[in-house]
Amino acid sequence: MKNWVKLTAVALASTAVLGACGKSDTDGKSSGSKDADYTIGATQIVEHPSLDAAYKGFQEAIKDKGLKVKYDFQNAQNDKSNVNTISNNFVSKKVDLIFANSTPSALGALQATKEIPIVFTSVTDAVESGIAKSREDHPDNITGVLDLHPDAIKKTVDFINENFKGATVGLLYNAGEQNSVTQIKQVEKAGKGTDLKFEKRTVSTSAEVSQAAKTLAGKADVIYVVTDNTVVSALDSVVKVANEQKIPLVVGEPESLNKGGFATFGIDYHSIGYRAGEMAVDILKGDKKTKDLPIEYPQDMKLMINKKAAEKQGVKWNKAWDKNAEIVD
C-alpha cells in the first residue's frame with residue numbers, strides 16, 4: 001500500500017522542521033509494535049477531552065478489529081501553521097492512512113495528499129469547511145464521521161428558549177475556526193422566531209478566552225459554547241466565570257459537561273472516533289475504498305445535565321429534567 005507520491009522538496013523540508021512544532025512520541029500517544037502491519041499518522045489540532053476521546057475511540061476500534069498498527073501522533077498545539085507541516089511529514093513517511101482529528105487537521109491532510117487515505121472525525125460541517133461537496137460527493141481519498149448531529153444546535157437553542165425565556169445568550173468562539181463559524185450561523189438561525197438575543201465574543205487564541213468570558217458578565221443570561229477547539233481547550237476559565245457570576249453554561253459536548261458545563265445535547269466523541277476507526281479498518285484491509293464510504297453523522301444524541309454545575313451557576317431545577325435528561329453529578 002505504499003506506492004504513493006514521490007517525496008517532494010516541501011515534504012522533506014517539513015520533516016526537517018517538524019521537531020519545532022507539535023508533539024509526537026514524547027507524550028505517550030504514539031504507539032505500536034515494531035512488527036506492525038500498518039502505520040497511521042494521527043494529526044490533531046489541539047489536545048482537549050473531546051478530541052482526546054475521539055482519538056482513543058479510533059485506536060480502540062483498530063485494536064478490536066485485530067490490526068497491528070503503529071501510530072505517529074502529532075499535535076499542532078492549536079497553531080494552524082503546524083498543520084500542513086505535520087501532514088507533509090506523514091506524506092514523506094508514506095504512512096498507510098492519516099487520521100485527521102478536527103476540521104483544520106482534515107483540511108491540512110487533504111491539501112498534502114490526494115493519494116493516501118484520510119479518515120477524519122471531529123469535523124462539524126464537511127461541506128462548509130470545503131472538504132466535500134456533500135456527504136456522498138467527496139474527494140476519493142477522504143471520508144469520516146462528523147461531530148455535529150443535524151438536530152443538536154436546534155434542540156439546544158430550543159432548550160435555552162424553553163428554560164430561559166427572553167435570555168441574552170453569550171456566544172464565545174474563534175472566528176478563525178470554520179467549524180465554529182458554521183455553528184454560530186446555525187445558532188442564530190435557530191434563534192429566529194424566539195425571544196432570545198445573542199451577544200457574541202470572538203477570540204483568536206486560548207489565552208484570550210478568560211478575558212472574553214469576563215466581558216459577558218452582566219451582558220449574558222446564558223453562555224453557550226459550541227464545539228470550538230480554541231474555547232474548549234480553555235474551558236476552565238469560562239466555567240470559573242459562569243460559576244462566579246451565576247450564569248448557566250450550555251456546552252456542545254459531554255466532555256465539556258464533565259469539566260463544569262451545565263447542559264448539552266451532546267454526542268459521544270469516543271463513539272464517533274470508534275466509528276472512524278472501523279472505517280479505517282475497512283480501508284486498510286482493502287474491504288472498502290475511501291471514495292465509496294459516505295461521510296457519516298453521529299448516530300446518537302441526548303440531553304445531559306450536570307446537576308452540580310447547575311447548582312453552582314444558580315440554575316432553578318426543572319423537574320422534567322429528571323425524566324428526559326441524563327443527570328451527571
# chains A, B, ... in the order shown; residues from 1 in each chain; ligands from 1

$ residues_around --residues "Val328 in chain A" --least-positions-apart "2" --cutoff "10 Å" --atoms "only C-alpha atoms" --output "ChimeraX atom specification"
/A:254,257-258,262-263,304-309,325-326

$ write_last_selection --atoms "N, CA, C and O atoms" --output "compact mmCIF listing (two decimals), in the first residue's frame"
# COMPACT_ATOMS: atom_id res chain seq x y z
N PRO A 254 -20.39 16.28 25.70
CA PRO A 254 -20.37 15.75 27.06
C PRO A 254 -19.06 16.00 27.80
O PRO A 254 -19.07 16.20 29.02
N LEU A 257 -19.24 19.09 29.48
CA LEU A 257 -20.14 18.97 30.62
C LEU A 257 -19.36 18.46 31.83
O LEU A 257 -19.52 18.95 32.95
N ASN A 258 -18.50 17.50 31.61
CA ASN A 258 -17.72 16.94 32.70
C ASN A 258 -16.73 17.94 33.29
O ASN A 258 -16.28 17.79 34.43
N PHE A 262 -23.10 23.14 32.21
CA PHE A 262 -24.38 22.82 32.85
C PHE A 262 -25.21 21.84 32.03
O PHE A 262 -25.76 20.86 32.56
N ALA A 263 -25.33 22.06 30.73
CA ALA A 263 -26.21 21.21 29.92
C ALA A 263 -25.67 21.08 28.49
O ALA A 263 -24.96 21.98 28.00
N MET A 304 -28.06 16.02 28.31
CA MET A 304 -27.31 15.67 29.52
C MET A 304 -27.17 16.93 30.37
O MET A 304 -26.92 18.02 29.85
N ILE A 305 -27.34 16.76 31.69
CA ILE A 305 -27.27 17.90 32.60
C ILE A 305 -26.36 17.58 33.78
O ILE A 305 -26.47 16.52 34.40
N ASN A 306 -25.45 18.49 34.07
CA ASN A 306 -24.56 18.39 35.22
C ASN A 306 -25.24 19.10 36.39
O ASN A 306 -25.32 20.33 36.43
N LYS A 307 -25.75 18.30 37.35
CA LYS A 307 -26.54 18.86 38.45
C LYS A 307 -25.71 19.76 39.35
O LYS A 307 -26.17 20.81 39.81
N LYS A 308 -24.48 19.37 39.62
CA LYS A 308 -23.62 20.19 40.48
C LYS A 308 -23.31 21.53 39.81
O LYS A 308 -23.27 22.58 40.46
N ALA A 309 -23.06 21.48 38.50
CA ALA A 309 -22.80 22.73 37.79
C ALA A 309 -24.04 23.62 37.80
O ALA A 309 -23.93 24.85 37.93
N ALA A 325 -33.68 13.75 30.84
CA ALA A 325 -32.25 14.02 30.66
C ALA A 325 -31.41 13.00 31.43
O ALA A 325 -31.88 12.42 32.42
N GLU A 326 -30.19 12.81 30.96
CA GLU A 326 -29.23 12.02 31.73
C GLU A 326 -28.53 12.96 32.70
O GLU A 326 -27.91 13.94 32.29

$ select_by_dssp --residues "range 168-281 of chain A" --states "strand (DSSP E or B)" --output "list of chain:residue names"
A:Thr168, A:Val169, A:Gly170, A:Leu171, A:Leu172, A:Tyr173, A:Asn174, A:Lys197, A:Phe198, A:Glu199, A:Lys200, A:Arg201, A:Thr202, A:Val203, A:Val222, A:Ile223, A:Tyr224, A:Val225, A:Leu249, A:Val250, A:Val251, A:Ala263, A:Thr264, A:Phe265, A:Gly266

$ write_last_selection --atoms "N, CA and C atoms" --output "PDB file, in the first residue's frame"
ATOM      1  N   THR A 168     -30.562  36.725  27.037  1.00  0.00           N
ATOM      2  CA  THR A 168     -29.468  37.098  26.146  1.00  0.00           C
ATOM      3  C   THR A 168     -28.410  36.008  26.258  1.00  0.00           C
ATOM      4  N   VAL A 169     -28.080  35.411  25.129  1.00  0.00           N
ATOM      5  CA  VAL A 169     -27.180  34.260  25.108  1.00  0.00           C
ATOM      6  C   VAL A 169     -25.796  34.709  24.643  1.00  0.00           C
ATOM      7  N   GLY A 170     -24.819  34.545  25.481  1.00  0.00           N
ATOM      8  CA  GLY A 170     -23.444  34.874  25.118  1.00  0.00           C
ATOM      9  C   GLY A 170     -22.816  33.750  24.306  1.00  0.00           C
ATOM     10  N   LEU A 171     -22.306  34.098  23.116  1.00  0.00           N
ATOM     11  CA  LEU A 171     -21.675  33.111  22.239  1.00  0.00           C
ATOM     12  C   LEU A 171     -20.186  33.412  22.181  1.00  0.00           C
ATOM     13  N   LEU A 172     -19.378  32.471  22.609  1.00  0.00           N
ATOM     14  CA  LEU A 172     -17.930  32.661  22.701  1.00  0.00           C
ATOM     15  C   LEU A 172     -17.258  31.682  21.754  1.00  0.00           C
ATOM     16  N   TYR A 173     -16.496  32.200  20.764  1.00  0.00           N
ATOM     17  CA  TYR A 173     -15.928  31.299  19.757  1.00  0.00           C
ATOM     18  C   TYR A 173     -14.767  31.962  19.034  1.00  0.00           C
ATOM     19  N   ASN A 174     -14.011  31.134  18.306  1.00  0.00           N
ATOM     20  CA  ASN A 174     -12.896  31.598  17.486  1.00  0.00           C
ATOM     21  C   ASN A 174     -13.409  31.809  16.061  1.00  0.00           C
ATOM     22  N   LYS A 197     -31.866  36.747  22.491  1.00  0.00           N
ATOM     23  CA  LYS A 197     -30.943  37.694  21.864  1.00  0.00           C
ATOM     24  C   LYS A 197     -29.531  37.117  22.015  1.00  0.00           C
ATOM     25  N   PHE A 198     -28.643  37.518  21.119  1.00  0.00           N
ATOM     26  CA  PHE A 198     -27.296  36.944  21.147  1.00  0.00           C
ATOM     27  C   PHE A 198     -26.243  38.032  21.291  1.00  0.00           C
ATOM     28  N   GLU A 199     -25.259  37.751  22.142  1.00  0.00           N
ATOM     29  CA  GLU A 199     -24.132  38.662  22.384  1.00  0.00           C
ATOM     30  C   GLU A 199     -22.867  37.870  22.059  1.00  0.00           C
ATOM     31  N   LYS A 200     -22.184  38.232  20.977  1.00  0.00           N
ATOM     32  CA  LYS A 200     -21.051  37.424  20.506  1.00  0.00           C
ATOM     33  C   LYS A 200     -19.710  37.996  20.980  1.00  0.00           C
ATOM     34  N   ARG A 201     -18.796  37.091  21.323  1.00  0.00           N
ATOM     35  CA  ARG A 201     -17.417  37.444  21.618  1.00  0.00           C
ATOM     36  C   ARG A 201     -16.514  36.473  20.846  1.00  0.00           C
ATOM     37  N   THR A 202     -15.505  37.008  20.171  1.00  0.00           N
ATOM     38  CA  THR A 202     -14.592  36.146  19.433  1.00  0.00           C
ATOM     39  C   THR A 202     -13.192  36.211  20.037  1.00  0.00           C
ATOM     40  N   VAL A 203     -12.473  35.123  19.884  1.00  0.00           N
ATOM     41  CA  VAL A 203     -11.092  35.033  20.365  1.00  0.00           C
ATOM     42  C   VAL A 203     -10.236  34.454  19.241  1.00  0.00           C
ATOM     43  N   VAL A 222     -27.204  33.593  29.713  1.00  0.00           N
ATOM     44  CA  VAL A 222     -26.737  32.214  29.473  1.00  0.00           C
ATOM     45  C   VAL A 222     -25.511  32.321  28.571  1.00  0.00           C
ATOM     46  N   ILE A 223     -24.521  31.466  28.794  1.00  0.00           N
ATOM     47  CA  ILE A 223     -23.390  31.361  27.869  1.00  0.00           C
ATOM     48  C   ILE A 223     -23.499  30.025  27.138  1.00  0.00           C
ATOM     49  N   TYR A 224     -23.319  30.063  25.818  1.00  0.00           N
ATOM     50  CA  TYR A 224     -23.377  28.847  25.008  1.00  0.00           C
ATOM     51  C   TYR A 224     -22.045  28.713  24.269  1.00  0.00           C
ATOM     52  N   VAL A 225     -21.301  27.655  24.594  1.00  0.00           N
ATOM     53  CA  VAL A 225     -20.029  27.373  23.924  1.00  0.00           C
ATOM     54  C   VAL A 225     -20.236  26.184  22.994  1.00  0.00           C
ATOM     55  N   LEU A 249     -24.017  27.719  31.924  1.00  0.00           N
ATOM     56  CA  LEU A 249     -23.094  27.493  30.806  1.00  0.00           C
ATOM     57  C   LEU A 249     -23.549  26.261  30.025  1.00  0.00           C
ATOM     58  N   VAL A 250     -24.089  26.498  28.822  1.00  0.00           N
ATOM     59  CA  VAL A 250     -24.520  25.417  27.932  1.00  0.00           C
ATOM     60  C   VAL A 250     -23.361  25.108  26.992  1.00  0.00           C
ATOM     61  N   VAL A 251     -23.077  23.808  26.812  1.00  0.00           N
ATOM     62  CA  VAL A 251     -21.896  23.410  26.044  1.00  0.00           C
ATOM     63  C   VAL A 251     -22.280  22.476  24.903  1.00  0.00           C
ATOM     64  N   ALA A 263     -25.332  22.056  30.728  1.00  0.00           N
ATOM     65  CA  ALA A 263     -26.209  21.206  29.917  1.00  0.00           C
ATOM     66  C   ALA A 263     -25.667  21.084  28.492  1.00  0.00           C
ATOM     67  N   THR A 264     -26.008  19.970  27.840  1.00  0.00           N
ATOM     68  CA  THR A 264     -25.639  19.787  26.447  1.00  0.00           C
ATOM     69  C   THR A 264     -26.586  18.808  25.763  1.00  0.00           C
ATOM     70  N   PHE A 265     -26.804  19.024  24.483  1.00  0.00           N
ATOM     71  CA  PHE A 265     -27.360  17.974  23.636  1.00  0.00           C
ATOM     72  C   PHE A 265     -26.155  17.390  22.912  1.00  0.00           C
ATOM     73  N   GLY A 266     -25.561  16.447  23.538  1.00  0.00           N
ATOM     74  CA  GLY A 266     -24.249  16.043  23.071  1.00  0.00           C
ATOM     75  C   GLY A 266     -24.194  14.692  22.402  1.00  0.00           C
TER      76      GLY A 266
END

$ closest_residue --among "A:Leu67, A:Ala280, A:Val83, A:Ala212" --to "Asn141 in chain A" --atoms "only C-alpha atoms"
A:Ala280

$ select_by_dssp --residues "range 35-194 of chain A" --states "helix (DSSP H, G or I)" --output "NGL selection string"
:A and (49-64 or 80-93 or 103-112 or 152-163 or 178-191)

$ write_last_selection --atoms "C-alpha atoms" --output "JSON list (two decimals), in the first residue's frame"
[["chain", "number", "residue", "atom", "x", "y", "z"],
["A", 49, "PRO", "CA", -11.01, 15.99, 26.33],
["A", 50, "SER", "CA", -13.35, 15.70, 23.33],
["A", 51, "LEU", "CA", -10.63, 15.29, 20.71],
["A", 52, "ASP", "CA", -8.66, 13.01, 23.01],
["A", 53, "ALA", "CA", -11.75, 10.82, 23.50],
["A", 54, "ALA", "CA", -12.23, 10.59, 19.72],
["A", 55, "TYR", "CA", -8.60, 9.51, 19.21],
["A", 56, "LYS", "CA", -8.95, 6.92, 21.97],
["A", 57, "GLY", "CA", -12.10, 5.54, 20.35],
["A", 58, "PHE", "CA", -10.34, 5.38, 16.97],
["A", 59, "GLN", "CA", -7.47, 3.36, 18.45],
["A", 60, "GLU", "CA", -9.83, 1.02, 20.29],
["A", 61, "ALA", "CA", -11.71, 0.18, 17.09],
["A", 62, "ILE", "CA", -8.44, -0.64, 15.34],
["A", 63, "LYS", "CA", -7.42, -2.85, 18.26],
["A", 64, "ASP", "CA", -10.81, -4.57, 18.47],
["A", 80, "LYS", "CA", -2.60, 26.20, 12.05],
["A", 81, "SER", "CA", 0.85, 26.87, 10.67],
["A", 82, "ASN", "CA", 1.84, 23.48, 12.12],
["A", 83, "VAL", "CA", -0.98, 21.59, 10.44],
["A", 84, "ASN", "CA", 0.39, 21.45, 6.90],
["A", 85, "THR", "CA", 3.88, 20.65, 8.18],
["A", 86, "ILE", "CA", 2.53, 17.66, 10.06],
["A", 87, "SER", "CA", 0.57, 16.38, 7.07],
["A", 88, "ASN", "CA", 3.51, 16.84, 4.68],
["A", 89, "ASN", "CA", 5.63, 14.88, 7.11],
["A", 90, "PHE", "CA", 3.15, 12.00, 7.03],
["A", 91, "VAL", "CA", 3.31, 12.03, 3.22],
["A", 92, "SER", "CA", 7.10, 11.93, 3.29],
["A", 93, "LYS", "CA", 6.97, 8.96, 5.66],
["A", 103, "THR", "CA", -11.52, 20.38, 10.74],
["A", 104, "PRO", "CA", -8.12, 22.12, 10.37],
["A", 105, "SER", "CA", -6.39, 18.74, 10.58],
["A", 106, "ALA", "CA", -8.61, 17.26, 7.85],
["A", 107, "LEU", "CA", -8.09, 20.25, 5.57],
["A", 108, "GLY", "CA", -4.33, 20.10, 6.10],
["A", 109, "ALA", "CA", -4.21, 16.40, 5.30],
["A", 110, "LEU", "CA", -6.33, 16.83, 2.17],
["A", 111, "GLN", "CA", -4.05, 19.62, 0.96],
["A", 112, "ALA", "CA", -0.99, 17.44, 1.49],
["A", 152, "ALA", "CA", -28.15, 19.23, 18.01],
["A", 153, "ILE", "CA", -27.99, 23.02, 17.69],
["A", 154, "LYS", "CA", -31.73, 23.40, 17.03],
["A", 155, "LYS", "CA", -32.54, 21.31, 20.11],
["A", 156, "THR", "CA", -30.03, 23.24, 22.21],
["A", 157, "VAL", "CA", -31.48, 26.62, 21.23],
["A", 158, "ASP", "CA", -34.99, 25.28, 21.86],
["A", 159, "PHE", "CA", -33.83, 24.10, 25.30],
["A", 160, "ILE", "CA", -32.44, 27.54, 26.15],
["A", 161, "ASN", "CA", -35.59, 29.24, 24.86],
["A", 162, "GLU", "CA", -37.87, 26.97, 26.89],
["A", 163, "ASN", "CA", -35.93, 27.26, 30.15],
["A", 178, "GLN", "CA", -14.66, 27.40, 10.14],
["A", 179, "ASN", "CA", -16.50, 24.77, 12.15],
["A", 180, "SER", "CA", -17.32, 27.38, 14.79],
["A", 181, "VAL", "CA", -18.47, 29.99, 12.29],
["A", 182, "THR", "CA", -20.79, 27.39, 10.78],
["A", 183, "GLN", "CA", -22.25, 26.54, 14.19],
["A", 184, "ILE", "CA", -22.75, 30.16, 15.20],
["A", 185, "LYS", "CA", -24.70, 30.75, 11.98],
["A", 186, "GLN", "CA", -26.87, 27.75, 12.85],
["A", 187, "VAL", "CA", -27.41, 29.05, 16.39],
["A", 188, "GLU", "CA", -28.58, 32.42, 15.10],
["A", 189, "LYS", "CA", -30.80, 30.74, 12.52],
["A", 190, "ALA", "CA", -32.34, 28.50, 15.19],
["A", 191, "GLY", "CA", -32.96, 31.55, 17.37]]

$ closest_residue --among "A:Asn318, A:Ala167, A:Asp35, A:Val238" --to "Lys219 in chain A" --atoms "only C-alpha atoms"
A:Ala167
